[in-house]
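Enquirer: First the structure, which I've put down as C-alpha cells, then a few questions once you've had a look.
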Amino acid sequence: MSLTETGPVPAPAIDEEEAARARQDRINRIAKWTLPSAVMFFTILAWHLYVTINDIPHYVLPGPVLVAQSIVNDWNLLWPAMVLTSRLTLLALLFAILGGVTLAVAFTQSRWAEMSFFPYAVILQVTPVVAVAPLLQIYVDSAFVAALLCAWIVAFFPILSNTTIGLKSADHNLQDLFTIYGASRWQRLRYLAAPSALPFFLGGLKIAGGLALIGAVVAEFVIGRAGTGLGLASTLLEASYRFNFGRLYASLILISAMGVVIFAVTSTISHLMLRKWHESALKRD
C-alpha cells in the first residue's frame with residue numbers, strides 16, 4: 001500500500017494592495033505623533049536661536065530656556081494658580097452641562113418653554129463676558145463665584161444649542177413608529193431622542209470645554225485688575241505689571257496646555273461613546 005506524498009503547503013499569496021495599505025496605516029500612526037512633535041521642536045529651536053543671535057532683551061521676548069526656568073523656579077506659585085483655574089473651568093463646564101441639557105430637554109418637551117427662555121439664552125451668548133464681569137464683581141461678594149458665573153455664561157450656550165438640535169433630529173420614521181406603539185414621552189426621550197442627540201451634545205462639549213477656559217481666563221483678568229488674584233490669568237497679569245516676562249510666558253504656556261488637555265479629554269470621551277455605532281467614529285477598512 002502506497003501513501004500519497006504531500007508536499008509543503010504553499011504560502012498564501014500576499015495582496016500587494018493590502019500590504020501597501022498596511023504600510024500606509026503604520027506610517028500615518030507614526031506621523032500622527034512625530035510630525036507635531038517635530039514642528040514643536042523646530043519652533044522652540046527657532047525661538048531660541050532668534051533670541052540668542054539677535055540678543056533680544058528678556059523684557060521684550062524671553063527665550064525658551066528662561067521660560068522653562070521660570071516654570072521650575074516659580075512652580076510653587078504657578079501650581080496653586082493652575083489648580084484654581086482648572087477648578088474654575090471644570091465647575092463652569094459641569095454647570096453648563098447640567099443647565100444646558102436640562103433646558104434643552106425642557107425646550108423639546110414644551111414649545112412654550114422654548115419660546116419663553118431661548119431668546120434670553122441667546123442674549124447671554126452674545127453679551128461680551130468682559131462687560132459682564134465687572135457687574136458681577138459688584139453684586140457678588142465672592143470673586144471666585146463671580147468668575148465662575150462668567151465662565152458658565154460663555155460655556156452654557158454651545159451645550160444648550162447643540163443638545164436642542166440633537167434632540168430634534170431624531171428620524172421621523174422612527175418617531176412615527178414610536179407613535180404607532182404608543183410610546184410615552186419618557187420612552188421617546190430615552191430610547192429615541194437621547195441617542196440621536198448624543199453626537200451633537202459631545203460636539204458641543206468639545207466647544208464648551210475650550211470656552212469655559214476662555215471665560216475663566218477673561219474673568220480672572222477683569223477681577224485681577226481689582227487686586228483680587230485668582231488663577232493663572234491673574235498671575236500672568238501680575239507678572240506683566242512686574243515686567244517678569246519669564247513668569248508671564250510660563251503662565252501663558254500652562255493656560256495653553258490646559259486647553260489642549262481639555263480638548264484631548266473631551267475628544268477621547270466623544271470617541272469612546274461613539275466609536276461602536278456612530279458614522280463619525282467608525283473605522284472603515
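By convention here, the chains of the C-alpha cells are called A, B, ... in the order presented, each chain's residues are numbered starting at 1, and ligands are numbered starting at 1 in the order presented.
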Which residues are close to Gly209 of chain A, i.e. within 7 Å by only C-alpha atoms, leaving aside same-chain residues fewer than 3 positions away? Reply as a count of residues only.
Expert: 7
Enquirer: Write out as a PyMOL selection string which residues come within 12 Å of segment 74-83 of chain A when counting only C-alpha atoms, dropping same-chain ones fewer than 2 positions away.
Expert: chain A and resi 66-72+85-90+213+216-217+220+229-236+238-239+244+246-259
Enquirer: Quick one: residues within 9 Å of Phe201 of chain A, only C-alpha atoms, excluding same-chain residues fewer than 6 positions away - as a ChimeraX atom specification?
Expert: /A:101,158-166
Enquirer: Go ahead and compute the interatomic distance for atom CA of Leu49 of chain A and atom CA of Ile30 of chain A, in Å to one decimal.
Expert: 28.1 Å
Enquirer: Give the answer as one residue: which of A:Ala133, A:Ile269, A:Leu192, A:Ala104 has the shortest atom-to-atom distance to Phe117 of chain A, using only C-alpha atoms?
Expert: A:Ala104
Enquirer: Name the residues in contact with segment 41-44 of chain A at a cut-off of 12 Å, using only C-alpha atoms, excluding same-chain residues fewer than 3 positions from it; report them as a VMD selection string.
Expert: chain A and resid 34 to 38 47 to 51 62 to 65 67 to 68
Enquirer: Store the residues picked out above, limited to N, CA and C atoms, as a PDB file, in the first residue's frame.
Expert:
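File out.pdb, as written:
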ATOM      1  N   THR A  34       4.794  62.070  15.468  1.00  0.00           N
ATOM      2  CA  THR A  34       6.119  62.618  15.201  1.00  0.00           C
ATOM      3  C   THR A  34       6.068  63.981  14.516  1.00  0.00           C
ATOM      4  N   LEU A  35       5.123  64.187  13.595  1.00  0.00           N
ATOM      5  CA  LEU A  35       5.074  65.468  12.886  1.00  0.00           C
ATOM      6  C   LEU A  35       4.769  66.642  13.815  1.00  0.00           C
ATOM      7  N   PRO A  36       3.711  66.579  14.667  1.00  0.00           N
ATOM      8  CA  PRO A  36       3.506  67.706  15.599  1.00  0.00           C
ATOM      9  C   PRO A  36       4.685  67.899  16.556  1.00  0.00           C
ATOM     10  N   SER A  37       5.294  66.794  16.987  1.00  0.00           N
ATOM     11  CA  SER A  37       6.458  66.909  17.874  1.00  0.00           C
ATOM     12  C   SER A  37       7.618  67.588  17.166  1.00  0.00           C
ATOM     13  N   ALA A  38       7.822  67.241  15.888  1.00  0.00           N
ATOM     14  CA  ALA A  38       8.906  67.865  15.131  1.00  0.00           C
ATOM     15  C   ALA A  38       8.644  69.351  14.922  1.00  0.00           C
ATOM     16  N   TRP A  47      12.859  79.807  17.970  1.00  0.00           N
ATOM     17  CA  TRP A  47      12.647  80.828  19.004  1.00  0.00           C
ATOM     18  C   TRP A  47      13.928  81.078  19.779  1.00  0.00           C
ATOM     19  N   HIS A  48      14.590  80.007  20.197  1.00  0.00           N
ATOM     20  CA  HIS A  48      15.835  80.122  20.970  1.00  0.00           C
ATOM     21  C   HIS A  48      16.933  80.787  20.144  1.00  0.00           C
ATOM     22  N   LEU A  49      17.082  80.376  18.882  1.00  0.00           N
ATOM     23  CA  LEU A  49      18.131  80.954  18.039  1.00  0.00           C
ATOM     24  C   LEU A  49      17.850  82.422  17.762  1.00  0.00           C
ATOM     25  N   TYR A  50      16.584  82.766  17.538  1.00  0.00           N
ATOM     26  CA  TYR A  50      16.241  84.170  17.267  1.00  0.00           C
ATOM     27  C   TYR A  50      16.583  85.052  18.455  1.00  0.00           C
ATOM     28  N   VAL A  51      16.236  84.609  19.646  1.00  0.00           N
ATOM     29  CA  VAL A  51      16.512  85.402  20.849  1.00  0.00           C
ATOM     30  C   VAL A  51      18.005  85.482  21.109  1.00  0.00           C
ATOM     31  N   PRO A  62      11.367  86.807  26.144  1.00  0.00           N
ATOM     32  CA  PRO A  62      12.220  85.845  26.849  1.00  0.00           C
ATOM     33  C   PRO A  62      12.422  84.591  26.012  1.00  0.00           C
ATOM     34  N   GLY A  63      13.590  83.996  26.147  1.00  0.00           N
ATOM     35  CA  GLY A  63      13.872  82.767  25.424  1.00  0.00           C
ATOM     36  C   GLY A  63      13.215  81.565  26.074  1.00  0.00           C
ATOM     37  N   PRO A  64      13.148  80.445  25.353  1.00  0.00           N
ATOM     38  CA  PRO A  64      12.523  79.244  25.918  1.00  0.00           C
ATOM     39  C   PRO A  64      13.241  78.710  27.146  1.00  0.00           C
ATOM     40  N   VAL A  65      14.554  78.934  27.222  1.00  0.00           N
ATOM     41  CA  VAL A  65      15.292  78.474  28.403  1.00  0.00           C
ATOM     42  C   VAL A  65      14.842  79.254  29.634  1.00  0.00           C
ATOM     43  N   VAL A  67      11.967  80.755  30.047  1.00  0.00           N
ATOM     44  CA  VAL A  67      10.593  80.376  30.359  1.00  0.00           C
ATOM     45  C   VAL A  67      10.568  79.044  31.108  1.00  0.00           C
ATOM     46  N   ALA A  68      11.388  78.095  30.669  1.00  0.00           N
ATOM     47  CA  ALA A  68      11.452  76.803  31.358  1.00  0.00           C
ATOM     48  C   ALA A  68      11.973  76.970  32.778  1.00  0.00           C
TER      49      ALA A  68
END
Enquirer: Identify, on the basis of only C-alpha atoms, every residue whose closest approach to segment 139-145 of chain A does not exceed 9 Å; exclude the query and any residue fewer than 2 positions from it along the same chain; express the result as an NGL selection string.
Expert: :A and (88 or 134-137 or 147-150 or 220 or 223 or 228-230)
Enquirer: Output N, CA and C atoms for every residue in the selection just made, as an mmCIF file, in the first residue's frame.
Expert:
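That gives us result_20.cif:
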data_model
loop_
_atom_site.group_PDB
_atom_site.id
_atom_site.type_symbol
_atom_site.label_atom_id
_atom_site.label_comp_id
_atom_site.auth_asym_id
_atom_site.auth_seq_id
_atom_site.Cartn_x
_atom_site.Cartn_y
_atom_site.Cartn_z
ATOM 1 N N LEU A 88 -12.026 76.216 38.480
ATOM 2 C CA LEU A 88 -12.991 77.190 37.956
ATOM 3 C C LEU A 88 -13.537 76.732 36.602
ATOM 4 N N PRO A 134 -17.302 92.931 35.343
ATOM 5 C CA PRO A 134 -17.278 93.988 36.368
ATOM 6 C C PRO A 134 -18.595 94.104 37.133
ATOM 7 N N LEU A 135 -19.725 93.894 36.450
ATOM 8 C CA LEU A 135 -21.013 93.966 37.133
ATOM 9 C C LEU A 135 -21.157 92.830 38.146
ATOM 10 N N LEU A 136 -20.760 91.635 37.745
ATOM 11 C CA LEU A 136 -20.840 90.504 38.678
ATOM 12 C C LEU A 136 -19.940 90.715 39.879
ATOM 13 N N GLN A 137 -18.793 91.332 39.637
ATOM 14 C CA GLN A 137 -17.889 91.592 40.752
ATOM 15 C C GLN A 137 -18.499 92.569 41.753
ATOM 16 N N ALA A 147 -16.243 84.903 38.972
ATOM 17 C CA ALA A 147 -15.519 84.344 37.835
ATOM 18 C C ALA A 147 -16.192 83.073 37.325
ATOM 19 N N LEU A 148 -16.741 82.280 38.236
ATOM 20 C CA LEU A 148 -17.438 81.058 37.843
ATOM 21 C C LEU A 148 -18.664 81.375 36.989
ATOM 22 N N LEU A 149 -19.409 82.393 37.364
ATOM 23 C CA LEU A 149 -20.582 82.788 36.590
ATOM 24 C C LEU A 149 -20.182 83.262 35.185
ATOM 25 N N CYS A 150 -19.073 83.993 35.112
ATOM 26 C CA CYS A 150 -18.607 84.443 33.793
ATOM 27 C C CYS A 150 -18.240 83.264 32.906
ATOM 28 N N GLU A 220 -10.772 86.180 35.209
ATOM 29 C CA GLU A 220 -9.610 86.398 36.084
ATOM 30 C C GLU A 220 -8.872 87.679 35.719
ATOM 31 N N ILE A 223 -11.140 90.570 37.129
ATOM 32 C CA ILE A 223 -11.128 90.590 38.589
ATOM 33 C C ILE A 223 -9.723 90.854 39.111
ATOM 34 N N THR A 228 -7.728 91.414 43.151
ATOM 35 C CA THR A 228 -8.130 90.105 43.677
ATOM 36 C C THR A 228 -7.520 89.028 42.808
ATOM 37 N N GLY A 229 -6.426 88.437 43.263
ATOM 38 C CA GLY A 229 -5.751 87.410 42.493
ATOM 39 C C GLY A 229 -6.503 86.100 42.541
ATOM 40 N N LEU A 230 -6.638 85.448 41.379
ATOM 41 C CA LEU A 230 -7.297 84.149 41.347
ATOM 42 C C LEU A 230 -6.341 83.095 40.817
#
Enquirer: Give me, please, the distance in Å between atom CA of Phe178 of chain A and atom CA of Trp277 of chain A, quoted to one decimal.
Expert: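 Going from atom CA of Phe178 of chain A over to atom CA of Trp277 of chain A covers 21.0 Å.
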Enquirer: Smallest atom-to-atom distance to Gly203 of chain A: which of A:Thr52, A:Thr102, A:Ser240, A:Thr266, using only C-alpha atoms?
Expert: A:Thr266
